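Text of the file start_25.cif, holding mmCIF, C-alpha atoms:
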```
data_start
loop_
_atom_site.label_atom_id
_atom_site.label_comp_id
_atom_site.auth_asym_id
_atom_site.auth_seq_id
_atom_site.Cartn_x
_atom_site.Cartn_y
_atom_site.Cartn_z
CA MET A 1 23.44 27.56 90.63
CA SER A 2 26.29 25.23 91.59
CA LYS A 3 29.58 25.00 89.77
CA PRO A 4 30.55 21.87 87.84
CA ILE A 5 33.57 20.12 89.30
CA VAL A 6 36.43 18.99 87.07
CA ALA A 7 39.13 16.72 88.54
CA ILE A 8 42.55 16.43 86.90
CA VAL A 9 44.01 13.00 87.59
CA GLY A 10 46.87 10.87 86.33
CA ARG A 11 50.17 9.26 87.25
CA PRO A 12 52.84 11.31 89.03
CA ASN A 13 54.82 13.80 86.97
CA VAL A 14 52.64 13.83 83.85
CA GLY A 15 52.09 17.61 84.06
CA LYS A 16 48.80 17.91 85.93
CA SER A 17 49.90 20.80 88.13
CA THR A 18 51.45 22.66 85.20
CA PHE A 19 48.17 22.37 83.32
CA PHE A 20 46.21 23.40 86.41
CA ASN A 21 48.38 26.49 86.92
CA LYS A 22 48.07 27.43 83.25
CA LEU A 23 44.27 27.32 83.47
CA CYS A 24 44.12 29.30 86.70
CA GLY A 25 46.66 31.87 85.55
CA LYS A 26 48.59 31.48 88.79
CA ARG A 27 51.28 29.22 90.18
CA ILE A 28 49.01 27.61 92.74
CA SER A 29 50.11 24.00 92.59
CA ILE A 30 53.74 23.24 93.35
CA VAL A 31 55.49 22.14 90.17
CA GLU A 32 58.52 19.98 90.74
CA ASP A 33 60.00 17.03 88.86
CA THR A 34 59.47 14.65 91.78
CA PRO A 35 56.61 12.15 92.10
CA GLY A 36 54.29 12.91 94.98
CA VAL A 37 54.91 16.66 95.23
CA THR A 38 51.19 17.48 94.96
CA ARG A 39 50.09 15.46 97.95
CA ASP A 40 46.63 16.93 98.46
CA ARG A 41 43.89 18.04 96.17
CA ILE A 42 43.97 21.74 95.37
CA TYR A 43 40.92 23.48 93.97
CA PHE A 44 40.44 26.73 92.10
CA GLU A 45 37.77 28.37 89.97
CA THR A 46 38.43 29.12 86.34
CA GLU A 47 36.20 30.22 83.46
CA TRP A 48 35.79 28.86 79.97
CA ALA A 49 33.18 29.82 77.36
CA GLY A 50 31.13 31.64 79.96
CA ARG A 51 31.14 28.67 82.35
CA THR A 52 32.70 28.78 85.82
CA LEU A 53 34.47 25.50 86.55
CA MET A 54 35.77 24.25 89.89
CA MET A 55 39.09 22.64 88.98
CA ILE A 56 40.61 20.08 91.35
CA ASP A 57 44.30 19.23 91.01
CA THR A 58 45.29 15.88 92.51
CA GLY A 59 48.41 14.06 93.49
CA GLY A 60 49.73 11.51 91.02
CA ILE A 61 48.34 7.99 91.42
CA GLU A 62 50.54 4.89 91.43
CA PRO A 63 48.09 1.99 91.83
CA ASP A 64 50.55 -0.62 93.11
CA ASN A 65 52.58 1.65 95.38
CA THR A 66 52.03 0.74 99.05
CA ASP A 67 54.06 3.65 100.41
CA LEU A 68 52.03 5.51 103.05
CA ILE A 69 52.24 8.88 101.30
CA MET A 70 51.40 7.41 97.90
CA SER A 71 48.47 5.56 99.46
CA HIS A 72 47.30 8.88 100.88
CA ILE A 73 47.60 10.47 97.41
CA LYS A 74 45.58 7.67 95.83
CA THR A 75 42.80 8.13 98.38
CA GLN A 76 42.81 11.88 97.80
CA ALA A 77 42.53 11.38 94.05
CA GLN A 78 39.71 8.89 94.54
CA ILE A 79 37.82 11.49 96.57
CA ALA A 80 38.28 13.99 93.76
CA ILE A 81 37.05 11.46 91.21
CA ASP A 82 33.97 10.72 93.32
CA SER A 83 33.27 14.45 93.64
CA ALA A 84 33.79 15.32 89.99
CA ASP A 85 31.24 15.89 87.27
CA VAL A 86 33.93 15.44 84.60
CA ILE A 87 37.43 13.96 84.88
CA ILE A 88 40.45 15.05 82.87
CA TYR A 89 42.76 12.05 82.70
CA MET A 90 46.27 13.13 81.80
CA CYS A 91 48.92 10.87 80.31
CA ASP A 92 52.55 11.51 79.37
CA PHE A 93 53.24 11.24 75.63
CA ARG A 94 56.97 10.81 76.21
CA ALA A 95 56.46 7.85 78.54
CA GLY A 96 53.89 6.20 76.27
CA VAL A 97 51.09 3.98 77.56
CA THR A 98 52.24 2.36 80.81
CA ALA A 99 50.82 -0.45 82.90
CA ASP A 100 49.71 2.13 85.46
CA ASP A 101 47.89 4.05 82.73
CA ARG A 102 45.97 0.92 81.84
CA GLU A 103 45.04 0.23 85.45
CA LEU A 104 44.01 3.82 86.11
CA SER A 105 41.91 3.97 82.95
CA GLN A 106 40.08 0.87 84.17
CA MET A 107 39.43 2.59 87.51
CA LEU A 108 38.06 5.64 85.69
CA ARG A 109 35.77 3.55 83.50
CA LYS A 110 34.35 1.95 86.65
CA SER A 111 33.57 5.42 88.04
CA LYS A 112 30.98 5.89 85.26
CA LYS A 113 32.04 9.55 85.10
CA PRO A 114 32.69 11.35 81.78
CA VAL A 115 36.45 11.29 81.09
CA VAL A 116 38.47 13.56 78.81
CA LEU A 117 41.76 11.91 77.83
CA ALA A 118 44.56 14.48 77.52
CA VAL A 119 47.97 13.36 76.24
CA ASN A 120 50.42 15.88 77.64
CA LYS A 121 53.97 16.90 76.65
CA MET A 122 53.06 17.08 72.97
CA ASP A 123 55.43 20.03 72.67
CA SER A 124 56.66 19.62 69.09
CA ILE A 125 55.09 21.44 66.14
CA GLY A 126 54.18 19.49 63.02
CA ALA A 127 52.51 16.22 62.12
CA THR A 128 51.10 14.07 64.91
CA PRO A 129 53.57 11.28 65.76
CA PRO A 130 52.22 7.75 65.28
CA GLU A 131 52.93 6.98 68.97
CA PHE A 132 50.11 9.35 69.89
CA TYR A 133 47.51 6.91 68.59
CA GLU A 134 48.60 4.24 71.08
CA PHE A 135 46.54 6.04 73.70
CA TYR A 136 43.32 4.90 72.01
CA GLU A 137 43.91 1.51 73.60
CA LEU A 138 42.97 2.97 77.01
CA GLY A 139 39.34 2.91 75.90
CA LEU A 140 38.59 6.46 77.03
CA GLY A 141 37.62 7.92 73.69
CA ASP A 142 39.58 10.21 71.41
CA PRO A 143 42.78 11.48 73.04
CA ILE A 144 43.49 15.21 72.87
CA ALA A 145 47.04 16.43 72.22
CA LEU A 146 48.16 18.83 74.95
CA SER A 147 51.20 20.86 75.87
CA SER A 148 50.78 22.15 79.42
CA VAL A 149 53.99 24.14 79.16
CA HIS A 150 52.96 26.04 76.02
CA GLY A 151 49.21 25.93 76.64
CA THR A 152 48.41 24.42 73.24
CA GLY A 153 45.47 22.08 73.34
CA SER A 154 44.11 23.52 76.59
CA GLY A 155 41.12 24.99 74.81
CA ASP A 156 40.36 21.68 73.13
CA VAL A 157 40.42 19.92 76.51
CA LEU A 158 38.06 22.46 78.09
CA GLU A 159 35.73 22.41 75.10
CA LYS A 160 35.44 18.65 75.50
CA VAL A 161 34.80 19.06 79.23
CA CYS A 162 31.96 21.48 78.52
CA GLU A 163 30.39 19.04 76.06
CA TYR A 164 29.75 16.69 78.97
CA LEU A 165 28.11 19.35 81.13
CA PRO A 166 24.41 20.24 81.07
CA ASP A 167 23.51 23.77 80.06
CA THR A 168 22.82 24.71 83.69
CA PHE A 169 23.44 23.28 87.14
CA GLU A 170 20.22 24.43 88.75
CA GLU A 171 19.18 23.12 92.15
CA ASP A 172 15.73 21.53 92.12
CA GLU A 173 14.69 22.98 95.44
CA ASP A 174 11.96 25.11 96.97
CA GLU A 175 12.96 28.75 96.53
CA ASP A 176 11.52 29.55 99.97
CA ALA A 177 13.69 26.94 101.69
CA ILE A 178 16.87 28.03 103.46
CA LYS A 179 19.82 25.90 102.35
CA VAL A 180 21.89 24.99 105.41
CA ALA A 181 25.39 23.53 105.06
CA VAL A 182 26.41 21.48 108.09
CA ILE A 183 30.20 21.69 108.05
CA GLY A 184 33.03 20.69 110.33
CA ARG A 185 35.80 18.20 110.72
CA PRO A 186 35.14 14.43 110.77
CA ASN A 187 33.43 13.05 113.89
CA ALA A 188 32.13 16.43 115.07
CA GLY A 189 28.60 15.06 114.85
CA LYS A 190 27.33 16.44 111.55
CA SER A 191 25.42 13.33 110.54
CA SER A 192 24.14 12.85 114.10
CA LEU A 193 22.64 16.32 113.98
CA VAL A 194 20.90 15.74 110.67
CA ASN A 195 19.65 12.35 111.85
CA ARG A 196 18.34 13.93 115.05
CA ILE A 197 16.47 16.52 112.99
CA LEU A 198 14.99 13.82 110.78
CA GLY A 199 14.09 11.65 113.74
CA GLU A 200 12.15 14.36 115.53
CA GLU A 201 10.54 16.22 112.67
CA ARG A 202 7.52 14.52 111.15
CA MET A 203 6.98 16.88 108.20
CA ILE A 204 9.83 15.73 105.98
CA VAL A 205 9.06 16.63 102.39
CA SER A 206 11.58 14.36 100.67
CA ASN A 207 15.12 13.04 100.57
CA VAL A 208 16.82 13.86 97.28
CA ALA A 209 20.30 13.08 96.06
CA GLY A 210 22.52 16.10 95.50
CA THR A 211 22.38 17.03 91.84
CA THR A 212 26.07 16.95 91.10
CA ARG A 213 28.11 15.52 93.91
CA ASP A 214 26.35 12.65 95.67
CA ALA A 215 25.65 14.71 98.78
CA ILE A 216 22.53 13.85 100.67
CA ASP A 217 20.27 16.90 100.66
CA THR A 218 17.36 16.59 103.05
CA ASN A 219 14.29 18.79 102.70
CA VAL A 220 12.66 19.53 106.04
CA GLU A 221 9.55 21.57 106.84
CA ASN A 222 8.54 22.32 110.41
CA LYS A 223 7.05 25.11 112.52
CA TYR A 224 10.17 27.22 111.98
CA GLY A 225 10.08 27.12 108.18
CA LYS A 226 11.44 25.21 105.18
CA TYR A 227 15.04 24.03 105.00
CA VAL A 228 17.41 21.99 102.88
CA PHE A 229 20.11 20.44 105.06
CA ILE A 230 23.32 19.63 103.23
CA ASP A 231 25.05 16.92 105.25
CA THR A 232 28.68 16.97 104.15
CA ALA A 233 29.44 13.91 106.25
CA GLY A 234 27.05 11.77 104.25
CA ILE A 235 28.41 12.56 100.82
CA ARG A 236 30.67 9.56 100.43
CA LYS A 237 29.50 6.35 102.07
CA SER A 238 32.55 4.22 101.29
CA GLY A 239 34.50 3.09 104.34
CA LYS A 240 37.76 3.74 102.53
CA ILE A 241 37.93 7.35 103.63
CA GLU A 242 39.87 7.83 106.83
CA ASP A 243 39.26 10.68 109.27
CA ARG A 244 42.93 11.67 109.19
CA ILE A 245 42.53 13.00 105.68
CA GLU A 246 41.77 16.60 106.58
CA ARG A 247 41.51 17.86 103.03
CA TYR A 248 38.44 15.69 102.54
CA SER A 249 36.32 17.71 104.95
CA VAL A 250 37.82 20.99 103.78
CA LEU A 251 36.93 20.35 100.13
CA ARG A 252 33.50 19.07 101.05
CA ALA A 253 32.92 22.16 103.13
CA GLN A 254 33.96 24.37 100.22
CA LEU A 255 31.47 22.72 97.87
CA ALA A 256 28.65 22.71 100.42
CA VAL A 257 29.22 26.33 101.47
CA GLU A 258 28.91 27.55 97.88
CA ARG A 259 25.41 26.14 97.66
CA ALA A 260 24.30 27.23 101.13
CA ASP A 261 22.41 30.24 102.43
CA VAL A 262 23.54 29.61 106.02
CA CYS A 263 26.38 27.55 107.50
CA VAL A 264 26.17 25.54 110.70
CA ILE A 265 29.76 25.09 111.86
CA MET A 266 29.98 22.08 114.15
CA ILE A 267 32.72 21.80 116.77
CA ASP A 268 33.31 18.82 119.06
CA ALA A 269 33.07 20.07 122.66
CA THR A 270 35.22 17.19 123.89
CA VAL A 271 38.09 18.23 121.61
CA GLY A 272 37.76 22.01 121.37
CA VAL A 273 38.57 24.18 118.37
CA THR A 274 41.22 22.59 116.18
CA ALA A 275 43.26 24.02 113.32
CA GLN A 276 40.97 22.18 110.92
CA ASP A 277 37.91 23.77 112.54
CA GLU A 278 39.53 27.16 111.92
CA ARG A 279 40.07 26.34 108.24
CA VAL A 280 36.53 25.06 107.74
CA ALA A 281 35.01 28.09 109.50
CA GLY A 282 37.24 30.35 107.42
CA ILE A 283 35.64 28.98 104.25
CA ALA A 284 32.20 30.14 105.40
CA HIS A 285 33.59 33.54 106.41
CA GLU A 286 35.47 34.08 103.15
CA ASN A 287 32.40 33.14 101.14
CA GLY A 288 30.34 35.75 102.98
CA LYS A 289 27.92 33.21 104.45
CA PRO A 290 25.95 33.87 107.64
CA SER A 291 26.90 31.26 110.20
CA VAL A 292 25.95 29.65 113.50
CA ILE A 293 28.71 28.00 115.54
CA VAL A 294 27.34 24.85 117.16
CA ILE A 295 29.29 23.22 119.98
CA ASN A 296 28.17 19.58 119.91
CA LYS A 297 28.53 16.80 122.52
CA TRP A 298 27.98 19.30 125.32
CA ASP A 299 26.42 16.50 127.35
CA LEU A 300 29.83 14.78 127.53
CA VAL A 301 31.66 17.74 129.06
CA GLU A 302 32.19 17.99 132.81
CA LYS A 303 30.94 21.40 133.86
CA ASP A 304 31.25 23.96 136.59
CA GLY A 305 29.94 27.51 136.74
CA LYS A 306 32.54 28.80 134.30
CA THR A 307 32.70 25.99 131.73
CA LEU A 308 30.29 27.51 129.21
CA ASP A 309 31.78 31.00 129.35
CA ASN A 310 35.31 29.63 129.06
CA MET A 311 34.39 27.53 126.04
CA ARG A 312 32.73 30.52 124.40
CA LYS A 313 35.88 32.59 124.99
CA ASP A 314 38.05 29.83 123.53
CA VAL A 315 35.85 29.70 120.42
CA HIS A 316 35.98 33.46 119.90
CA ALA A 317 39.74 33.48 120.46
CA ALA A 318 40.35 30.72 117.91
CA LEU A 319 37.80 32.09 115.42
CA SER A 320 38.62 35.74 116.04
CA TYR A 321 37.63 36.69 112.49
CA MET A 322 34.00 35.67 113.09
CA THR A 323 33.07 36.80 116.57
CA TYR A 324 29.85 38.03 114.94
CA ALA A 325 28.55 34.43 114.78
CA PRO A 326 26.25 33.24 117.60
CA VAL A 327 27.50 30.22 119.56
CA LEU A 328 25.07 27.47 120.55
CA PHE A 329 25.78 24.51 122.85
CA ILE A 330 23.89 21.34 121.94
CA SER A 331 23.83 17.57 122.11
CA ALA A 332 22.81 15.96 118.84
CA LYS A 333 22.65 12.65 120.71
CA THR A 334 20.12 13.77 123.33
CA GLY A 335 18.46 16.52 121.30
CA GLN A 336 19.42 19.22 123.82
CA ARG A 337 18.80 22.68 122.28
CA VAL A 338 18.68 21.27 118.72
CA ASP A 339 15.47 23.19 117.97
CA ARG A 340 17.29 26.42 118.77
CA ILE A 341 19.36 25.87 115.60
CA PHE A 342 16.32 26.60 113.43
CA GLU A 343 15.67 29.88 115.22
CA LEU A 344 19.28 31.00 114.82
CA VAL A 345 19.43 29.91 111.18
CA ASN A 346 16.35 32.04 110.45
CA TYR A 347 17.80 34.95 112.40
CA VAL A 348 21.23 35.09 110.77
CA ASN A 349 19.68 34.52 107.34
CA ASP A 350 17.48 37.57 107.87
CA GLN A 351 20.42 39.59 109.18
CA SER A 352 22.42 38.84 106.02
CA GLN A 353 19.61 40.28 103.87
CA MET A 354 19.15 43.52 105.80
CA ARG A 355 19.32 46.76 103.79
CA ILE A 356 20.12 50.15 105.27
CA SER A 357 19.28 53.45 103.56
CA THR A 358 22.18 55.61 102.42
CA GLY A 359 21.02 58.52 104.58
CA LEU A 360 20.96 56.44 107.73
CA LEU A 361 24.31 54.87 106.92
CA ASN A 362 25.96 58.24 106.55
CA ASP A 363 24.49 59.48 109.81
CA VAL A 364 26.23 56.55 111.53
CA LEU A 365 29.41 57.14 109.52
CA ASN A 366 29.59 60.82 110.43
CA ASP A 367 29.03 60.03 114.09
CA ALA A 368 31.83 57.43 113.97
CA ILE A 369 34.21 59.90 112.33
CA THR A 370 33.41 62.52 114.93
CA ARG A 371 34.14 60.12 117.78
CA VAL A 372 37.38 58.75 116.32
CA GLN A 373 39.27 60.81 113.76
CA PRO A 374 40.36 58.98 110.58
CA PRO A 375 44.09 58.09 110.47
CA SER A 376 46.75 60.21 108.79
CA ASP A 377 50.19 59.51 107.37
CA LYS A 378 53.00 61.97 106.65
CA GLY A 379 50.70 64.93 107.07
CA LYS A 380 47.94 63.55 104.83
CA ARG A 381 44.70 62.62 106.57
CA LEU A 382 42.12 60.12 105.37
CA LYS A 383 38.91 61.78 104.25
CA ILE A 384 35.75 59.67 104.13
CA TYR A 385 33.11 61.22 101.88
CA TYR A 386 30.14 58.88 102.09
CA MET A 387 29.01 55.26 102.23
CA THR A 388 26.28 53.29 100.48
CA GLN A 389 25.09 49.68 100.60
CA THR A 390 25.46 47.82 97.32
CA GLY A 391 24.56 44.25 98.18
CA ILE A 392 23.27 41.66 100.60
CA LYS A 393 24.29 38.08 101.45
CA ALA A 394 26.82 39.28 102.71
CA PRO A 395 25.89 42.93 103.35
CA THR A 396 28.30 44.93 101.20
CA PHE A 397 29.11 48.62 101.62
CA VAL A 398 31.11 50.90 99.36
CA ILE A 399 32.97 53.70 101.13
CA PHE A 400 34.36 56.59 99.07
CA VAL A 401 37.59 58.15 100.33
CA ASN A 402 40.40 60.40 99.15
CA ASP A 403 43.18 57.79 99.57
CA ALA A 404 42.47 54.08 99.99
CA GLU A 405 45.94 53.39 101.38
CA LEU A 406 45.21 55.61 104.37
CA PHE A 407 42.14 53.56 105.25
CA HIS A 408 43.99 51.15 107.51
CA PHE A 409 42.53 47.79 108.49
CA SER A 410 42.09 48.89 112.11
CA TYR A 411 39.90 51.83 111.07
CA GLN A 412 37.91 49.61 108.73
CA ARG A 413 37.29 47.27 111.65
CA TYR A 414 36.19 50.30 113.71
CA ILE A 415 33.62 51.27 111.06
CA GLU A 416 32.43 47.67 110.79
CA ASN A 417 31.98 47.49 114.55
CA LYS A 418 29.94 50.70 114.48
CA LEU A 419 27.67 49.22 111.82
CA ARG A 420 27.16 46.15 113.96
CA GLU A 421 26.62 48.21 117.09
CA VAL A 422 23.82 50.23 115.46
CA PHE A 423 22.21 47.79 113.02
CA GLY A 424 23.12 44.33 114.33
CA PHE A 425 24.20 42.19 111.35
CA GLU A 426 24.62 39.36 113.85
CA GLY A 427 25.81 36.11 112.35
CA THR A 428 26.84 37.54 108.99
CA PRO A 429 30.14 38.82 107.59
CA ILE A 430 30.24 42.42 106.38
CA LYS A 431 32.16 43.42 103.28
CA LEU A 432 33.64 46.90 102.96
CA VAL A 433 34.73 48.04 99.51
CA ILE A 434 37.00 51.10 99.54
CA ARG A 435 36.99 53.38 96.51
CA GLU A 436 38.86 56.59 95.89
CA LYS A 437 37.21 59.85 94.89
CA ASP A 438 38.87 62.97 93.57
CA ASP A 439 39.45 65.32 96.51
CA ALA A 440 38.30 68.29 94.50
CA ASN A 441 35.08 66.63 93.30
CA PRO A 442 33.97 64.05 95.87
CA SER A 443 30.34 63.93 94.72
CA ASP A 444 31.01 62.47 91.28
#
```

Show me, as structure tokens, the structure contained in the file I just sent.
Amino acid sequence: MSKPIVAIVGRPNVGKSTFFNKLCGKRISIVEDTPGVTRDRIYFETEWAGRTLMMIDTGGIEPDNTDLIMSHIKTQAQIAIDSADVIIYMCDFRAGVTADDRELSQMLRKSKKPVVLAVNKMDSIGATPPEFYEFYELGLGDPIALSSVHGTGSGDVLEKVCEYLPDTFEEDEDEDAIKVAVIGRPNAGKSSLVNRILGEERMIVSNVAGTTRDAIDTNVENKYGKYVFIDTAGIRKSGKIEDRIERYSVLRAQLAVERADVCVIMIDATVGVTAQDERVAGIAHENGKPSVIVINKWDLVEKDGKTLDNMRKDVHAALSYMTYAPVLFISAKTGQRVDRIFELVNYVNDQSQMRISTGLLNDVLNDAITRVQPPSDKGKRLKIYYMTQTGIKAPTFVIFVNDAELFHFSYQRYIENKLREVFGFEGTPIKLVIREKDDANPSD
């Protein structure tokens, strides 16, 4: 089940970030009385009435401003609008209806997306001022009075948002198919890979539009199995998006990863691993998704006997948090080793679903403890009582100890490495959950 996306848009300094922070319960967006402070979209999950919503905060839009940064903000906001299932359009009650408000409301009407009109900075208690009703002229339905600072009206805004959402956001896909998110920075070759797959495979079931966000999901069936490829590069076809906007690919990766069973992280061999590649790969890792790192355009790289090994070392050095992921060198253009992707996708998907019995786990744990003693601090030593697996996708293990603070990260990594050494878990993150048990009664 995918999460509905709600974009908060409006002119600069109308209170979008304050509202966003109030909903999320954290000061995530920078709040400052200067237009253009929120320069990139920021996203965060929040819950309302049992629904999980993906909220996107955007920079303020000034339609006629040709300043480079403001143009960047406008493009960012347009991406958020295109991605959204529902849009919260925020206006400033104190400023009244401005020419920019009128122009932006026209842009939103053209988007054909449901829009909730929130009139912010309604901070006074008492009868509704007559100026409030001026906002009806924007043609976006009934305005909702809101005070982002005090939080009043927030519930009304979210209730209206939920009215526009279907009861569920189910994916109409074959349950046996593995959903594969092809992620990476612009120009890494994501679309080329999907096109290569479509060009060579003759058993394509169908091409269906993504249910909520205009992504192109492609169902493929071949000798390796059934798959749904989520091509994040093909989501927005407009030529207005420029490759320099890094947040575009990062947000798209976030949305695609949530729906995926396996991630294919594409890296341009002619460029190497960039900071943006690290961020995109980190999204897959943090979401606990099994992954395959694909080095594309390998046909364009001049090689000697050490080129492949050096590139693999560079990848593992840059993506040190996911050395568990297999690395594959391909050419989407020529088709070199493209079929191998299916084999690795199947393999890491299986690895992420592996279950280990508690007895076997604790045999490995006891052996690890015997080989390397748990750490101690100020005379108190870490005691590890037992471990059990509580989940898959990603494999999750709960370890019961006497003092969680003594279980240092380095020793956790040691235990994780032992699990991988014995059981594999190749291609998938492992989650360790540390819980304390009473020293006197560790079996409770």

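For the atom pair formed by CA of Phe19 in chain A and CA of Lys160 in chain A, the distance is 15.4 Å, given to one decimal.
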
Explicit residue set for the PyMOL selection byres ((chain A and resi 88-104) around 6), as an MDAnalysis selection string: chainID A and resid 8:10 14 87 105:107 115:121

Selected residue of minimal separation from Lys223 in chain A among A:Asp314, A:Asn346, A:Val273, A:Val364, counting only C-alpha atoms: A:Asn346

Neighbourhood query: residues within 12 Å of (18.5, 22.2, 119.9), file coordinates, counting all atoms listed in the file; return as a tab-separated table (two decimals) with C-alpha atoms, keeping the file's coordinate frame.
```tsv
chain	number	residue	atom	x	y	z
A	193	LEU	CA	22.64	16.32	113.98
A	194	VAL	CA	20.90	15.74	110.67
A	196	ARG	CA	18.34	13.93	115.05
A	197	ILE	CA	16.47	16.52	112.99
A	200	GLU	CA	12.15	14.36	115.53
A	294	VAL	CA	27.34	24.85	117.16
A	295	ILE	CA	29.29	23.22	119.98
A	296	ASN	CA	28.17	19.58	119.91
A	297	LYS	CA	28.53	16.80	122.52
A	298	TRP	CA	27.98	19.30	125.32
A	328	LEU	CA	25.07	27.47	120.55
A	329	PHE	CA	25.78	24.51	122.85
A	330	ILE	CA	23.89	21.34	121.94
A	331	SER	CA	23.83	17.57	122.11
A	332	ALA	CA	22.81	15.96	118.84
A	333	LYS	CA	22.65	12.65	120.71
A	334	THR	CA	20.12	13.77	123.33
A	335	GLY	CA	18.46	16.52	121.30
A	336	GLN	CA	19.42	19.22	123.82
A	337	ARG	CA	18.80	22.68	122.28
A	338	VAL	CA	18.68	21.27	118.72
A	339	ASP	CA	15.47	23.19	117.97
A	340	ARG	CA	17.29	26.42	118.77
A	341	ILE	CA	19.36	25.87	115.60
A	342	PHE	CA	16.32	26.60	113.43
A	343	GLU	CA	15.67	29.88	115.22
A	344	LEU	CA	19.28	31.00	114.82
A	345	VAL	CA	19.43	29.91	111.18
```

Contacts of Arg420 in chain A at 12 Å (all atoms listed in the file; same-chain gap of 4+ positions) as a ChimeraX atom specification: /A:323-325,351-352,354,356,361,364,395,413-416,424-430

Selection result of the PyMOL selection byres ((chain A and resi 155) around 12) on this file, as a PyMOL selection string: chain A and resi 19+22-23+47-49+118+144-148+150-154+156-162

Selected residue of minimal separation from Lys289 in chain A among A:Glu258, A:Asp142, A:Asp57, A:Asp277, counting only C-alpha atoms: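 Nearest to Lys289 in chain A: A:Glu258.
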
Best match for closeness to Asn366 in chain A among A:Tyr347, A:Ile125, A:Val315, A:Tyr386, counting all atoms listed in the file: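 Of the candidates, the smallest distance to Asn366 in chain A is held by A:Tyr386.
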
Distance criterion (only C-alpha atoms): nearest to Asp268 in chain A out of A:Ala318, A:Thr218, A:Thr390, A:Ile293: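 Closest candidate: A:Ile293.
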
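When only C-alpha atoms are used to measure the gap to Asn222 in chain A, the shortest distance among A:Ile183, A:Ile265, A:Ala177, A:Val301 belongs to A:Ala177.
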
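As for CA of Val433 in chain A and CA of Val264 in chain A, they are spaced 26.5 Å apart.
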
Atomic separation - CA of Ala260 in chain A relative to CA of Leu419 in chain A, Å: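 Distance reported for this atom pair: 24.7 Å.
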
The PyMOL selection byres ((chain A and resi 382) around 7) applied to the shown file, residues as JSON, numbers by chain: {"A": [374, 375, 376, 380, 381, 383, 384, 402, 403, 406, 407]}

Specify the axis-aligned box that encloses all atoms of range 380-385 of chain A listed in the file after padding of 6 Å on each side, stating its centre and edge lengths in Å to one decimal as lines of an AutoDock Vina configuration file.
```
center_x = 40.5
center_y = 61.6
center_z = 104.2
size_x = 26.8
size_y = 15.9
size_z = 16.7
```

Residue neighbourhood Ile434 in chain A, 7 Å, all atoms listed in the file, exclusion window fewer than 3 positions, as a list in words: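 These residues fall inside the cut-off: Val398, Ile399, Phe400 and Ala404 of chain A.
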